[in-house]
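Q: The structure that follows is given in the form of structure tokens.
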2 protein chains.
Amino acid sequence: MTPADPQTKGELALIARLRRELAPAAESGAPAAGDVPFGDDMAAVPGIPGLLWTVDMLMDGVDFESGRHAWYDVGRKAMGASLSDCAAMAARPLAALCAVALSDAMTMEDALDLHRGARDCGVDFGCPIVGGDTNSWNEPTVVSITVVARTEEGRAPVLRSGAQPGDHVYLTGPVGGSRSGRHLHPQPRIETALALNRELTPHAMIDISDGLALDLWRVLESSRCGAVIDERQLAALVHADAVELAKSSGRPASEHGLYDGEDFELIVVLPREADVHRCRSLGLLPLGEIVMDQGLWMQRPDGGRVPVERRGWEHFR
Amino acid sequence: MTPADPQTKGELALIARLRRELAPAAESGAPAAGDVPFGDDMAAVPGIPGLLWTVDMLMDGVDFESGRHAWYDVGRKAMGASLSDCAAMAARPLAALCAVALSDAMTMEDALDLHRGARDCGVDFGCPIVGGDTNSWNEPTVVSITVVARTEEGRAPVLRSGAQPGDHVYLTGPVGGSRSGRHLHPQPRIETALALNRELTPHAMIDISDGLALDLWRVLESSRCGAVIDERQLAALVHADAVELAKSSGRPASEHGLYDGEDFELIVVLPREADVHRCRSLGLLPLGEIVMDQGLWMQRPDGGRVPVERRGWEHFR
């Protein structure tokens, strides 16, 4: 699979092609100070320093199931997913637009509940819905939320591309098994991210939407380095939902921790000298270390290293 | 049908409910200077004067037909629809985000063509795509484009709500029959709108996406007044495509002019004293006049007035 083959599918190949075709400048040289590379969690608004924006689209049957999930929760999840992108860049959300293609089967109350969920999640994080686009059709419902956000005075957004060998890798919370229900109640780590950017100057951050392994790979590729995950630290980071899920899925809980998506926790890469006590008081949990060699490995307690697959949730396969 | 009945459907009723539930302040009093009411063509970005944004979502089978239309044209239309909102507010587009739910049936080249169309239309109007969200599913394709735009130095955005009795109503071009093919090649009237806002201080503008009659009704309702369309002037404004379509549809060409959607021309409401020669040189075509009585009428050549129905393209019925 090479991204140059026009028939090769896969979201990552598509994004690579789009980066080349839509943002040729980003390919040809180093970005200027303050620039945000195409494909990061948010994009910069040209000409307005410190202003960032992001869009997330959720589809019935893929990101939620209208038969099982309340419309209110679907709305909360849609807003939470976009706000989590703000956390990943250490930006404070300002406002949102909500565009929907509503299934004809929905009632007016369903449509309102969807918007109420999005509104309430937004209000929790200071992000009112100020507009949108309402459509309907005879197909499953789609929700797309755009959020605009601002970095704090004097702080640059935290990119994916700044990880350096020797840096420490943390998570803002345990991961895996989110699909058991947690994915509908994302808690975007905005305040943690802002405090981190203010006090500890992270080298890189990303939110975990497609799985810890795949999203960590993205940081490593953007930063042109590698990482080693400590197996014991990972075990301490696996969510109780993943342990529970492992009983029925037949897969180890650690696999759910590595490859399940939609946790909306952050991967935080901090300089080695970052204050460990402050990390702990901000709720950060250690996971591993950045290394020079490109790749991702798991460090076994016996000292051996095994490669970690570059997989997770990927669209357009 | 009253918007207060929770089971009443219809996009307009939904928007009315959303306005009440999402933007309670907008209901309770007059907006502050510089505010943009919820439901206008674009929304203001809170805290950043002069910055506006809009989102438009297009769905296969509703706004385009993938079996008949080239993906490149679909992309152009999606970008054009959002840029037309910028024209309606007299704002200059800065950048776009493009979110997609791609049908699994699409190839990589299809997906790229869709984005290339959007990119090329954006580039024509100084609006690069700087990010987005790529998803796929086993359902028809959805494209959602968000655009951020800026009013010119010292100019306020043109709202829907400023029409006053005695004002003249113009269109930026002929309307009707757009679905014969023109709807895939929107020409957002950005430069015309900026020049108008600079030189003639329009009282109200809107772009015609859901049909001349319905979109003019929206201006009248926002402005709490009425309008009289001159039947002879309307006849001169009916697009040749509508005349052609009338031959097979069995409906008068003027009906296509009034009720067909997706023209992406602007309805422009100018103060009575606006320079007629400049209006002409900007390509404006006269349509009628704003009156105090709320409603919309057609003035017959014999002097009689007949009401114009409040209908057009409406989602979520």
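Every chain in the structure tokens has a letter given in the order shown (A, B, ...), and although residue numbers restart at 1 in each chain, ligands are simply numbered from 1 in the order shown.
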Would you give me, as a ChimeraX atom specification, the residues in range 94-251 of chain A that DSSP reads as helix (DSSP H, G or I)?
A: /A:108-124,178-180,182-184,190-199,212-223,231-237,240-249
Q: Taking the DSSP assignment computed from this structure's backbone, write out as a PDB file with N, CA and C atoms, in the first residue's frame all residues of range 82-150 of chain B that belong to strand (DSSP E).
A:
ATOM      1  N   ALA B  91     -19.397  39.448   3.242  1.00  0.00           N
ATOM      2  CA  ALA B  91     -18.162  39.099   3.948  1.00  0.00           C
ATOM      3  C   ALA B  91     -17.208  38.398   2.985  1.00  0.00           C
ATOM      4  N   ARG B  92     -15.906  38.665   3.162  1.00  0.00           N
ATOM      5  CA  ARG B  92     -14.907  38.062   2.280  1.00  0.00           C
ATOM      6  C   ARG B  92     -14.401  36.760   2.903  1.00  0.00           C
ATOM      7  N   PRO B  93     -14.542  35.634   2.188  1.00  0.00           N
ATOM      8  CA  PRO B  93     -14.137  34.342   2.757  1.00  0.00           C
ATOM      9  C   PRO B  93     -12.633  34.279   3.019  1.00  0.00           C
ATOM     10  N   LEU B  94     -12.255  33.635   4.134  1.00  0.00           N
ATOM     11  CA  LEU B  94     -10.846  33.480   4.497  1.00  0.00           C
ATOM     12  C   LEU B  94     -10.358  32.054   4.297  1.00  0.00           C
ATOM     13  N   ALA B  95     -11.164  31.078   4.693  1.00  0.00           N
ATOM     14  CA  ALA B  95     -10.724  29.677   4.636  1.00  0.00           C
ATOM     15  C   ALA B  95     -11.906  28.767   4.896  1.00  0.00           C
ATOM     16  N   ALA B  96     -11.717  27.478   4.560  1.00  0.00           N
ATOM     17  CA  ALA B  96     -12.801  26.503   4.691  1.00  0.00           C
ATOM     18  C   ALA B  96     -12.308  25.228   5.357  1.00  0.00           C
ATOM     19  N   LEU B  97     -13.242  24.534   6.025  1.00  0.00           N
ATOM     20  CA  LEU B  97     -13.039  23.161   6.482  1.00  0.00           C
ATOM     21  C   LEU B  97     -14.026  22.285   5.711  1.00  0.00           C
ATOM     22  N   CYS B  98     -13.581  21.114   5.302  1.00  0.00           N
ATOM     23  CA  CYS B  98     -14.431  20.221   4.506  1.00  0.00           C
ATOM     24  C   CYS B  98     -14.583  18.883   5.216  1.00  0.00           C
ATOM     25  N   ALA B  99     -15.775  18.590   5.722  1.00  0.00           N
ATOM     26  CA  ALA B  99     -16.047  17.307   6.383  1.00  0.00           C
ATOM     27  C   ALA B  99     -16.881  16.437   5.457  1.00  0.00           C
ATOM     28  N   VAL B 100     -16.507  15.165   5.343  1.00  0.00           N
ATOM     29  CA  VAL B 100     -17.224  14.272   4.435  1.00  0.00           C
ATOM     30  C   VAL B 100     -17.543  12.939   5.109  1.00  0.00           C
ATOM     31  N   ALA B 101     -18.713  12.392   4.749  1.00  0.00           N
ATOM     32  CA  ALA B 101     -19.010  10.982   4.993  1.00  0.00           C
ATOM     33  C   ALA B 101     -19.101  10.371   3.601  1.00  0.00           C
ATOM     34  N   LEU B 102     -18.057   9.661   3.191  1.00  0.00           N
ATOM     35  CA  LEU B 102     -17.967   9.137   1.827  1.00  0.00           C
ATOM     36  C   LEU B 102     -18.660   7.788   1.737  1.00  0.00           C
ATOM     37  N   SER B 103     -19.437   7.620   0.701  1.00  0.00           N
ATOM     38  CA  SER B 103     -20.032   6.305   0.466  1.00  0.00           C
ATOM     39  C   SER B 103     -18.934   5.277   0.186  1.00  0.00           C
ATOM     40  N   ILE B 129      -9.007  25.462   1.423  1.00  0.00           N
ATOM     41  CA  ILE B 129      -9.424  24.451   2.412  1.00  0.00           C
ATOM     42  C   ILE B 129      -8.227  24.195   3.319  1.00  0.00           C
ATOM     43  N   VAL B 130      -8.388  24.415   4.616  1.00  0.00           N
ATOM     44  CA  VAL B 130      -7.257  24.276   5.535  1.00  0.00           C
ATOM     45  C   VAL B 130      -7.388  23.070   6.463  1.00  0.00           C
ATOM     46  N   GLY B 131      -8.471  22.332   6.356  1.00  0.00           N
ATOM     47  CA  GLY B 131      -8.629  21.147   7.200  1.00  0.00           C
ATOM     48  C   GLY B 131      -9.983  20.520   6.957  1.00  0.00           C
ATOM     49  N   GLY B 132     -10.321  19.512   7.779  1.00  0.00           N
ATOM     50  CA  GLY B 132     -11.607  18.856   7.598  1.00  0.00           C
ATOM     51  C   GLY B 132     -11.707  17.582   8.406  1.00  0.00           C
ATOM     52  N   ASP B 133     -12.584  16.700   7.960  1.00  0.00           N
ATOM     53  CA  ASP B 133     -12.775  15.425   8.644  1.00  0.00           C
ATOM     54  C   ASP B 133     -13.207  14.416   7.598  1.00  0.00           C
ATOM     55  N   THR B 134     -12.459  13.316   7.480  1.00  0.00           N
ATOM     56  CA  THR B 134     -12.802  12.314   6.465  1.00  0.00           C
ATOM     57  C   THR B 134     -13.360  11.071   7.143  1.00  0.00           C
ATOM     58  N   ASN B 135     -14.552  10.690   6.699  1.00  0.00           N
ATOM     59  CA  ASN B 135     -15.226   9.498   7.214  1.00  0.00           C
ATOM     60  C   ASN B 135     -15.796   8.728   6.043  1.00  0.00           C
ATOM     61  N   SER B 136     -16.126   7.466   6.272  1.00  0.00           N
ATOM     62  CA  SER B 136     -16.817   6.718   5.231  1.00  0.00           C
ATOM     63  C   SER B 136     -17.856   5.821   5.868  1.00  0.00           C
ATOM     64  N   TRP B 137     -18.844   5.435   5.051  1.00  0.00           N
ATOM     65  CA  TRP B 137     -19.905   4.547   5.518  1.00  0.00           C
ATOM     66  C   TRP B 137     -20.620   3.943   4.326  1.00  0.00           C
ATOM     67  N   VAL B 142     -22.230  12.429   2.141  1.00  0.00           N
ATOM     68  CA  VAL B 142     -22.590  13.724   2.730  1.00  0.00           C
ATOM     69  C   VAL B 142     -21.340  14.610   2.732  1.00  0.00           C
ATOM     70  N   VAL B 143     -21.499  15.870   2.352  1.00  0.00           N
ATOM     71  CA  VAL B 143     -20.389  16.840   2.370  1.00  0.00           C
ATOM     72  C   VAL B 143     -20.825  18.050   3.176  1.00  0.00           C
ATOM     73  N   SER B 144     -19.995  18.467   4.087  1.00  0.00           N
ATOM     74  CA  SER B 144     -20.324  19.626   4.921  1.00  0.00           C
ATOM     75  C   SER B 144     -19.136  20.586   4.904  1.00  0.00           C
ATOM     76  N   ILE B 145     -19.364  21.787   4.397  1.00  0.00           N
ATOM     77  CA  ILE B 145     -18.277  22.761   4.307  1.00  0.00           C
ATOM     78  C   ILE B 145     -18.561  23.963   5.198  1.00  0.00           C
ATOM     79  N   THR B 146     -17.601  24.252   6.070  1.00  0.00           N
ATOM     80  CA  THR B 146     -17.678  25.424   6.941  1.00  0.00           C
ATOM     81  C   THR B 146     -16.728  26.475   6.388  1.00  0.00           C
ATOM     82  N   VAL B 147     -17.189  27.711   6.308  1.00  0.00           N
ATOM     83  CA  VAL B 147     -16.343  28.798   5.813  1.00  0.00           C
ATOM     84  C   VAL B 147     -16.326  29.916   6.847  1.00  0.00           C
ATOM     85  N   VAL B 148     -15.138  30.474   7.086  1.00  0.00           N
ATOM     86  CA  VAL B 148     -15.017  31.643   7.936  1.00  0.00           C
ATOM     87  C   VAL B 148     -14.694  32.838   7.036  1.00  0.00           C
ATOM     88  N   ALA B 149     -15.280  33.974   7.354  1.00  0.00           N
ATOM     89  CA  ALA B 149     -15.178  35.148   6.480  1.00  0.00           C
ATOM     90  C   ALA B 149     -15.123  36.413   7.323  1.00  0.00           C
ATOM     91  N   ARG B 150     -14.731  37.482   6.678  1.00  0.00           N
ATOM     92  CA  ARG B 150     -14.515  38.736   7.391  1.00  0.00           C
ATOM     93  C   ARG B 150     -15.207  39.872   6.646  1.00  0.00           C
TER      94      ARG B 150
END
Q: For chain B, which residue among A:Gly166, A:Gly304, A:Gly126, A:Pro252 is the nearest when counting only C-alpha atoms?
A: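 Ranking A:Gly166, A:Gly304, A:Gly126, A:Pro252 by distance to chain B, first place goes to A:Gly126.
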Q: Pick the closest to chain A from B:Glu65, B:Glu139, B:Glu255, B:Asp124: which is it, counting only C-alpha atoms?
A: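 Using only C-alpha atoms, chain A sits closest to B:Glu139.
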Q: So the first atom is CA of Trp217 in chain A and the second is CA of Gly122 in chain A; what is the distance between them in Å, to one decimal place?
A: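 Those two atoms sit 29.4 Å apart.
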Q: Looking at only C-alpha atoms, which of B:Asp56, B:Asp41, B:Asp35, B:Asp263 is the one that sits closest to chain A?
A: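 Nearest to chain A: B:Asp56.
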Q: Find the residues near range 233-248 of chain B: any atom within 6 Å, counting only C-alpha atoms, skip ones fewer than 6 places away on the same chain, and give them as a VMD selection string.
A: chain B and resid 174 to 177 256 to 257 287
Q: Using only C-alpha atoms, pick whichever of A:Met57, A:Leu159, A:Leu194, A:Met298 has the shortest atom-to-atom distance to Lys77 in chain A.
A: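 Closest candidate: A:Met57.
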Q: When you count only C-alpha atoms, which of these residues is closest to chain A: B:Ile208, B:Leu220, B:Ala44, B:Val291?
A: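 Among B:Ile208, B:Leu220, B:Ala44, B:Val291, it is B:Ala44 that comes nearest to chain A.
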Q: Ranking B:Asp40, B:Gly303, B:Gly226, B:Ile15 by minimum distance to Pro165 in chain B and counting only C-alpha atoms, which one comes first?
A: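 Smallest separation from Pro165 in chain B among the options: B:Gly226.
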